[in-house]
Amino acid sequence: MYVNAFDVVNGTLLLTHLESVKIRTEADILEEDEEEFAEPQKTKPEIEEKTLEKSLSQIVDRQAAEVGSALRERSWFGRILSSDASGTYISAGSDVGVVPGSVFEILGPGETISSASGRQLAILGAKVGEVAVTEVLKDRALVSVQEGSSLRAGQVIRFKK
């Protein structure tokens, strides 16, 4: 089973990981025994449902651990959803653990580089501002500007450590 983790902020692949497990069937065991004594008989390999379920569960657990580990090593990034006279909203809410008072840095645009396919990718630039959460909704939050000015939709934010 392959798992790919994709960074939707900058459009890059964060992780690709393969996990597998070898399941020995009754047919495998019979073939090993017959190799010692006579010509092998063709037996249809059947996997017990319990064995398959246990093996798949182990693979999924290891894949989840791998993705979790890779994500813990990276900073969380989001975006400013909108910024106008009615307020500034960011793409983080209670669904990702934001609480009133959480502080985020606003990052400016950095250098642009070309990928192997020719796609242009913007590298994150320096901090250009800071916002604090005043009201939390499920999937977004209202923030107030603590530092900087001229916030625009699409600007990248990251949780301040």
# chains A, B, ... in the order shown; residues from 1 in each chain; ligands from 1
$ select_by_dssp --residues "segment 49-150 of chain A" --states "alpha helix (DSSP H)" --output "list in words"
Glu49, Lys50, Thr51, Leu52, Glu53, Lys54, Ser55, Leu56, Ser57, Gln58, Ile59, Val60, Asp61, Arg62, Gln63, Ala64, Ala65, Glu66, Val67, Gly68, Ser69, Ala70, Leu71 and Arg72 of chain A
$ closest_atom_pairs --of "segment 12-124 of chain A" --to "segment 131-141 of chain A" --cutoff "8 Å" --atoms "only C-alpha atoms" --output "tab-separated table"
residue	atom	partner	partner_atom	distance
A:Tyr89	CA	A:Ala141	CA	5.4
A:Ile90	CA	A:Ala141	CA	5.5
A:Ser91	CA	A:Arg140	CA	4.8
A:Ala92	CA	A:Arg140	CA	4.5
A:Gly93	CA	A:Arg140	CA	4.1
A:Ser94	CA	A:Lys138	CA	4.8
A:Asp95	CA	A:Lys138	CA	5.5
A:Val96	CA	A:Asp139	CA	7.9
A:Val98	CA	A:Val136	CA	7.0
A:Val99	CA	A:Val136	CA	6.4
A:Pro100	CA	A:Val133	CA	5.0
A:Gly101	CA	A:Val133	CA	5.0
A:Ser102	CA	A:Val133	CA	5.3
A:Val103	CA	A:Ala132	CA	4.4
A:Phe104	CA	A:Val131	CA	5.4
A:Glu105	CA	A:Val131	CA	6.5
A:Ile106	CA	A:Val131	CA	7.5
$ write_last_selection --atoms "N, CA and C atoms" --output "mmCIF file, in the first residue's frame"
data_model
loop_
_atom_site.group_PDB
_atom_site.id
_atom_site.type_symbol
_atom_site.label_atom_id
_atom_site.label_comp_id
_atom_site.auth_asym_id
_atom_site.auth_seq_id
_atom_site.Cartn_x
_atom_site.Cartn_y
_atom_site.Cartn_z
ATOM 1 N N TYR A 89 -10.262 36.788 7.901
ATOM 2 C CA TYR A 89 -10.486 35.387 8.249
ATOM 3 C C TYR A 89 -9.335 34.538 7.733
ATOM 4 N N ILE A 90 -8.957 33.545 8.549
ATOM 5 C CA ILE A 90 -7.898 32.616 8.160
ATOM 6 C C ILE A 90 -8.483 31.214 8.001
ATOM 7 N N SER A 91 -7.743 30.340 7.313
ATOM 8 C CA SER A 91 -8.207 28.981 6.994
ATOM 9 C C SER A 91 -7.902 27.983 8.106
ATOM 10 N N ALA A 92 -8.183 28.360 9.329
ATOM 11 C CA ALA A 92 -7.967 27.466 10.466
ATOM 12 C C ALA A 92 -9.046 27.748 11.492
ATOM 13 N N GLY A 93 -9.663 26.697 11.999
ATOM 14 C CA GLY A 93 -10.720 26.867 12.989
ATOM 15 C C GLY A 93 -10.628 25.822 14.072
ATOM 16 N N SER A 94 -11.738 25.597 14.753
ATOM 17 C CA SER A 94 -11.757 24.633 15.851
ATOM 18 C C SER A 94 -11.434 23.221 15.361
ATOM 19 N N ASP A 95 -11.690 22.942 14.083
ATOM 20 C CA ASP A 95 -11.412 21.614 13.541
ATOM 21 C C ASP A 95 -9.931 21.260 13.546
ATOM 22 N N VAL A 96 -9.045 22.256 13.648
ATOM 23 C CA VAL A 96 -7.605 21.991 13.722
ATOM 24 C C VAL A 96 -7.011 22.479 15.041
ATOM 25 N N VAL A 98 -7.568 25.487 16.768
ATOM 26 C CA VAL A 98 -7.363 26.917 17.004
ATOM 27 C C VAL A 98 -8.272 27.363 18.151
ATOM 28 N N VAL A 99 -7.737 28.219 19.015
ATOM 29 C CA VAL A 99 -8.503 28.776 20.134
ATOM 30 C C VAL A 99 -8.305 30.290 20.131
ATOM 31 N N PRO A 100 -9.220 31.030 20.754
ATOM 32 C CA PRO A 100 -9.017 32.487 20.850
ATOM 33 C C PRO A 100 -7.658 32.779 21.485
ATOM 34 N N GLY A 101 -6.960 33.740 20.916
ATOM 35 C CA GLY A 101 -5.624 34.088 21.403
ATOM 36 C C GLY A 101 -4.492 33.442 20.626
ATOM 37 N N SER A 102 -4.790 32.412 19.814
ATOM 38 C CA SER A 102 -3.742 31.798 18.987
ATOM 39 C C SER A 102 -3.138 32.869 18.084
ATOM 40 N N VAL A 103 -1.832 32.803 17.903
ATOM 41 C CA VAL A 103 -1.131 33.809 17.105
ATOM 42 C C VAL A 103 -0.517 33.153 15.874
ATOM 43 N N PHE A 104 -0.670 33.812 14.734
ATOM 44 C CA PHE A 104 -0.126 33.326 13.473
ATOM 45 C C PHE A 104 0.749 34.392 12.835
ATOM 46 N N GLU A 105 1.834 33.962 12.223
ATOM 47 C CA GLU A 105 2.692 34.859 11.449
ATOM 48 C C GLU A 105 2.190 34.869 10.012
ATOM 49 N N ILE A 106 2.296 36.018 9.379
ATOM 50 C CA ILE A 106 1.949 36.153 7.963
ATOM 51 C C ILE A 106 3.259 36.202 7.202
#
$ closest_residue --among "A:Ser149, A:Thr12, A:Ser83, A:Ser144" --to "Ala116 of chain A" --atoms "only C-alpha atoms"
A:Thr12
$ residues_around --residues "segment 79-82 of chain A" --least-positions-apart "3" --cutoff "7 Å" --atoms "only C-alpha atoms" --output "mmCIF file with all heavy atoms, in the first residue's frame"
data_model
loop_
_atom_site.group_PDB
_atom_site.id
_atom_site.type_symbol
_atom_site.label_atom_id
_atom_site.label_comp_id
_atom_site.auth_asym_id
_atom_site.auth_seq_id
_atom_site.Cartn_x
_atom_site.Cartn_y
_atom_site.Cartn_z
ATOM 1 N N THR A 88 -10.823 40.031 8.975
ATOM 2 C CA THR A 88 -9.865 39.149 8.310
ATOM 3 C C THR A 88 -10.075 37.735 8.828
ATOM 4 O O THR A 88 -10.080 37.499 10.037
ATOM 5 C CB THR A 88 -8.415 39.601 8.584
ATOM 6 O OG1 THR A 88 -8.248 40.927 8.082
ATOM 7 C CG2 THR A 88 -7.408 38.681 7.922
ATOM 8 N N TYR A 89 -10.262 36.788 7.901
ATOM 9 C CA TYR A 89 -10.486 35.387 8.249
ATOM 10 C C TYR A 89 -9.335 34.538 7.733
ATOM 11 O O TYR A 89 -8.817 34.778 6.642
ATOM 12 C CB TYR A 89 -11.804 34.880 7.643
ATOM 13 C CG TYR A 89 -13.015 35.406 8.361
ATOM 14 C CD1 TYR A 89 -13.607 36.602 7.972
ATOM 15 C CD2 TYR A 89 -13.567 34.716 9.442
ATOM 16 C CE1 TYR A 89 -14.715 37.099 8.638
ATOM 17 C CE2 TYR A 89 -14.674 35.206 10.115
ATOM 18 C CZ TYR A 89 -15.246 36.397 9.712
ATOM 19 O OH TYR A 89 -16.336 36.884 10.374
ATOM 20 N N ILE A 90 -8.957 33.545 8.549
ATOM 21 C CA ILE A 90 -7.898 32.616 8.160
ATOM 22 C C ILE A 90 -8.483 31.214 8.001
ATOM 23 O O ILE A 90 -9.558 30.909 8.514
ATOM 24 C CB ILE A 90 -6.738 32.600 9.184
ATOM 25 C CG1 ILE A 90 -7.246 32.134 10.564
ATOM 26 C CG2 ILE A 90 -6.061 33.957 9.255
ATOM 27 C CD1 ILE A 90 -6.138 31.859 11.568
ATOM 28 N N SER A 91 -7.743 30.340 7.313
ATOM 29 C CA SER A 91 -8.207 28.981 6.994
ATOM 30 C C SER A 91 -7.902 27.983 8.106
ATOM 31 O O SER A 91 -7.430 26.886 7.851
ATOM 32 C CB SER A 91 -7.552 28.506 5.696
ATOM 33 O OG SER A 91 -6.147 28.404 5.894
ATOM 34 N N ARG A 152 -3.898 40.407 2.553
ATOM 35 C CA ARG A 152 -4.645 40.056 1.349
ATOM 36 C C ARG A 152 -5.014 38.576 1.384
ATOM 37 O O ARG A 152 -4.260 37.748 1.893
ATOM 38 C CB ARG A 152 -3.797 40.318 0.107
ATOM 39 C CG ARG A 152 -3.445 41.776 -0.120
ATOM 40 C CD ARG A 152 -2.540 41.968 -1.337
ATOM 41 N NE ARG A 152 -1.442 41.013 -1.481
ATOM 42 C CZ ARG A 152 -0.289 41.086 -0.816
ATOM 43 N NH1 ARG A 152 -0.073 42.055 0.036
ATOM 44 N NH2 ARG A 152 0.655 40.197 -1.033
ATOM 45 N N ALA A 153 -6.154 38.267 0.802
ATOM 46 C CA ALA A 153 -6.553 36.867 0.658
ATOM 47 C C ALA A 153 -5.457 36.116 -0.094
ATOM 48 O O ALA A 153 -4.880 36.629 -1.049
ATOM 49 C CB ALA A 153 -7.878 36.775 -0.086
ATOM 50 N N GLY A 154 -5.166 34.920 0.373
ATOM 51 C CA GLY A 154 -4.150 34.093 -0.279
ATOM 52 C C GLY A 154 -2.799 34.123 0.392
ATOM 53 O O GLY A 154 -1.977 33.241 0.158
ATOM 54 N N GLN A 155 -2.548 35.133 1.232
ATOM 55 C CA GLN A 155 -1.259 35.175 1.909
ATOM 56 C C GLN A 155 -1.129 33.956 2.834
ATOM 57 O O GLN A 155 -2.107 33.523 3.441
ATOM 58 C CB GLN A 155 -1.092 36.453 2.738
ATOM 59 C CG GLN A 155 -0.750 37.676 1.900
ATOM 60 C CD GLN A 155 -0.588 38.909 2.768
ATOM 61 O OE1 GLN A 155 -1.525 39.318 3.438
ATOM 62 N NE2 GLN A 155 0.605 39.490 2.738
ATOM 63 N N VAL A 156 0.071 33.446 2.948
ATOM 64 C CA VAL A 156 0.338 32.256 3.754
ATOM 65 C C VAL A 156 0.540 32.641 5.222
ATOM 66 O O VAL A 156 1.184 33.649 5.517
ATOM 67 C CB VAL A 156 1.571 31.500 3.220
ATOM 68 C CG1 VAL A 156 1.931 30.320 4.108
ATOM 69 C CG2 VAL A 156 1.333 31.030 1.782
ATOM 70 N N ILE A 157 -0.056 31.813 6.110
ATOM 71 C CA ILE A 157 0.123 32.007 7.542
ATOM 72 C C ILE A 157 0.722 30.747 8.137
ATOM 73 O O ILE A 157 0.604 29.662 7.567
ATOM 74 C CB ILE A 157 -1.221 32.320 8.253
ATOM 75 C CG1 ILE A 157 -2.202 31.158 8.076
ATOM 76 C CG2 ILE A 157 -1.814 33.626 7.759
ATOM 77 C CD1 ILE A 157 -3.435 31.245 8.952
#
$ select_by_dssp --residues "chain A" --states "strand (DSSP E or B)" --output "PyMOL selection string"
chain A and resi 2-7+12-18+77-84+87-90+103-114+120-136+141-147+156-159
$ residues_around --residues "Glu147 of chain A" --least-positions-apart "5" --cutoff "9 Å" --atoms "only C-alpha atoms" --output "list in words"
Val128, Gly129, Glu130 and Val131 of chain A
$ decode --residues "segment 120-135 of chain A" --atoms "N, CA, C and O atoms" --output "mmCIF file, in the first residue's frame"
data_model
loop_
_atom_site.group_PDB
_atom_site.id
_atom_site.type_symbol
_atom_site.label_atom_id
_atom_site.label_comp_id
_atom_site.auth_asym_id
_atom_site.auth_seq_id
_atom_site.Cartn_x
_atom_site.Cartn_y
_atom_site.Cartn_z
ATOM 1 N N GLN A 120 5.706 26.829 -11.951
ATOM 2 C CA GLN A 120 6.328 27.822 -11.092
ATOM 3 C C GLN A 120 5.848 27.641 -9.646
ATOM 4 O O GLN A 120 4.648 27.585 -9.386
ATOM 5 N N LEU A 121 6.793 27.538 -8.718
ATOM 6 C CA LEU A 121 6.487 27.388 -7.301
ATOM 7 C C LEU A 121 7.082 28.569 -6.539
ATOM 8 O O LEU A 121 8.234 28.932 -6.752
ATOM 9 N N ALA A 122 6.275 29.152 -5.662
ATOM 10 C CA ALA A 122 6.754 30.278 -4.858
ATOM 11 C C ALA A 122 7.267 29.752 -3.527
ATOM 12 O O ALA A 122 6.564 29.046 -2.811
ATOM 13 N N ILE A 123 8.494 30.084 -3.206
ATOM 14 C CA ILE A 123 9.065 29.737 -1.916
ATOM 15 C C ILE A 123 8.579 30.801 -0.927
ATOM 16 O O ILE A 123 8.466 31.974 -1.267
ATOM 17 N N LEU A 124 8.293 30.370 0.301
ATOM 18 C CA LEU A 124 7.799 31.317 1.296
ATOM 19 C C LEU A 124 8.872 32.328 1.664
ATOM 20 O O LEU A 124 10.041 31.989 1.809
ATOM 21 N N GLY A 125 8.427 33.551 1.831
ATOM 22 C CA GLY A 125 9.339 34.629 2.173
ATOM 23 C C GLY A 125 9.367 34.898 3.668
ATOM 24 O O GLY A 125 8.910 34.099 4.482
ATOM 25 N N ALA A 126 9.871 36.059 4.015
ATOM 26 C CA ALA A 126 10.021 36.466 5.412
ATOM 27 C C ALA A 126 8.677 36.853 6.026
ATOM 28 O O ALA A 126 7.710 37.147 5.323
ATOM 29 N N LYS A 127 8.649 36.893 7.328
ATOM 30 C CA LYS A 127 7.462 37.328 8.074
ATOM 31 C C LYS A 127 7.178 38.791 7.752
ATOM 32 O O LYS A 127 8.060 39.627 7.785
ATOM 33 N N VAL A 128 5.896 39.077 7.417
ATOM 34 C CA VAL A 128 5.499 40.447 7.104
ATOM 35 C C VAL A 128 4.422 40.971 8.060
ATOM 36 O O VAL A 128 4.015 42.124 7.960
ATOM 37 N N GLY A 129 3.980 40.100 8.974
ATOM 38 C CA GLY A 129 2.956 40.533 9.912
ATOM 39 C C GLY A 129 2.595 39.438 10.880
ATOM 40 O O GLY A 129 3.139 38.333 10.845
ATOM 41 N N GLU A 130 1.643 39.778 11.747
ATOM 42 C CA GLU A 130 1.203 38.835 12.764
ATOM 43 C C GLU A 130 -0.262 39.112 13.082
ATOM 44 O O GLU A 130 -0.679 40.269 13.133
ATOM 45 N N VAL A 131 -1.032 38.049 13.282
ATOM 46 C CA VAL A 131 -2.439 38.186 13.636
ATOM 47 C C VAL A 131 -2.745 37.317 14.850
ATOM 48 O O VAL A 131 -2.078 36.309 15.080
ATOM 49 N N ALA A 132 -3.765 37.727 15.621
ATOM 50 C CA ALA A 132 -4.217 36.948 16.775
ATOM 51 C C ALA A 132 -5.689 36.597 16.569
ATOM 52 O O ALA A 132 -6.472 37.418 16.086
ATOM 53 N N VAL A 133 -6.069 35.402 16.948
ATOM 54 C CA VAL A 133 -7.442 34.922 16.778
ATOM 55 C C VAL A 133 -8.348 35.567 17.829
ATOM 56 O O VAL A 133 -8.043 35.570 19.021
ATOM 57 N N THR A 134 -9.474 36.121 17.351
ATOM 58 C CA THR A 134 -10.454 36.727 18.251
ATOM 59 C C THR A 134 -11.740 35.907 18.335
ATOM 60 O O THR A 134 -12.399 35.895 19.370
ATOM 61 N N GLU A 135 -12.080 35.212 17.256
ATOM 62 C CA GLU A 135 -13.305 34.402 17.234
ATOM 63 C C GLU A 135 -13.042 33.153 16.403
ATOM 64 O O GLU A 135 -12.502 33.236 15.299
#
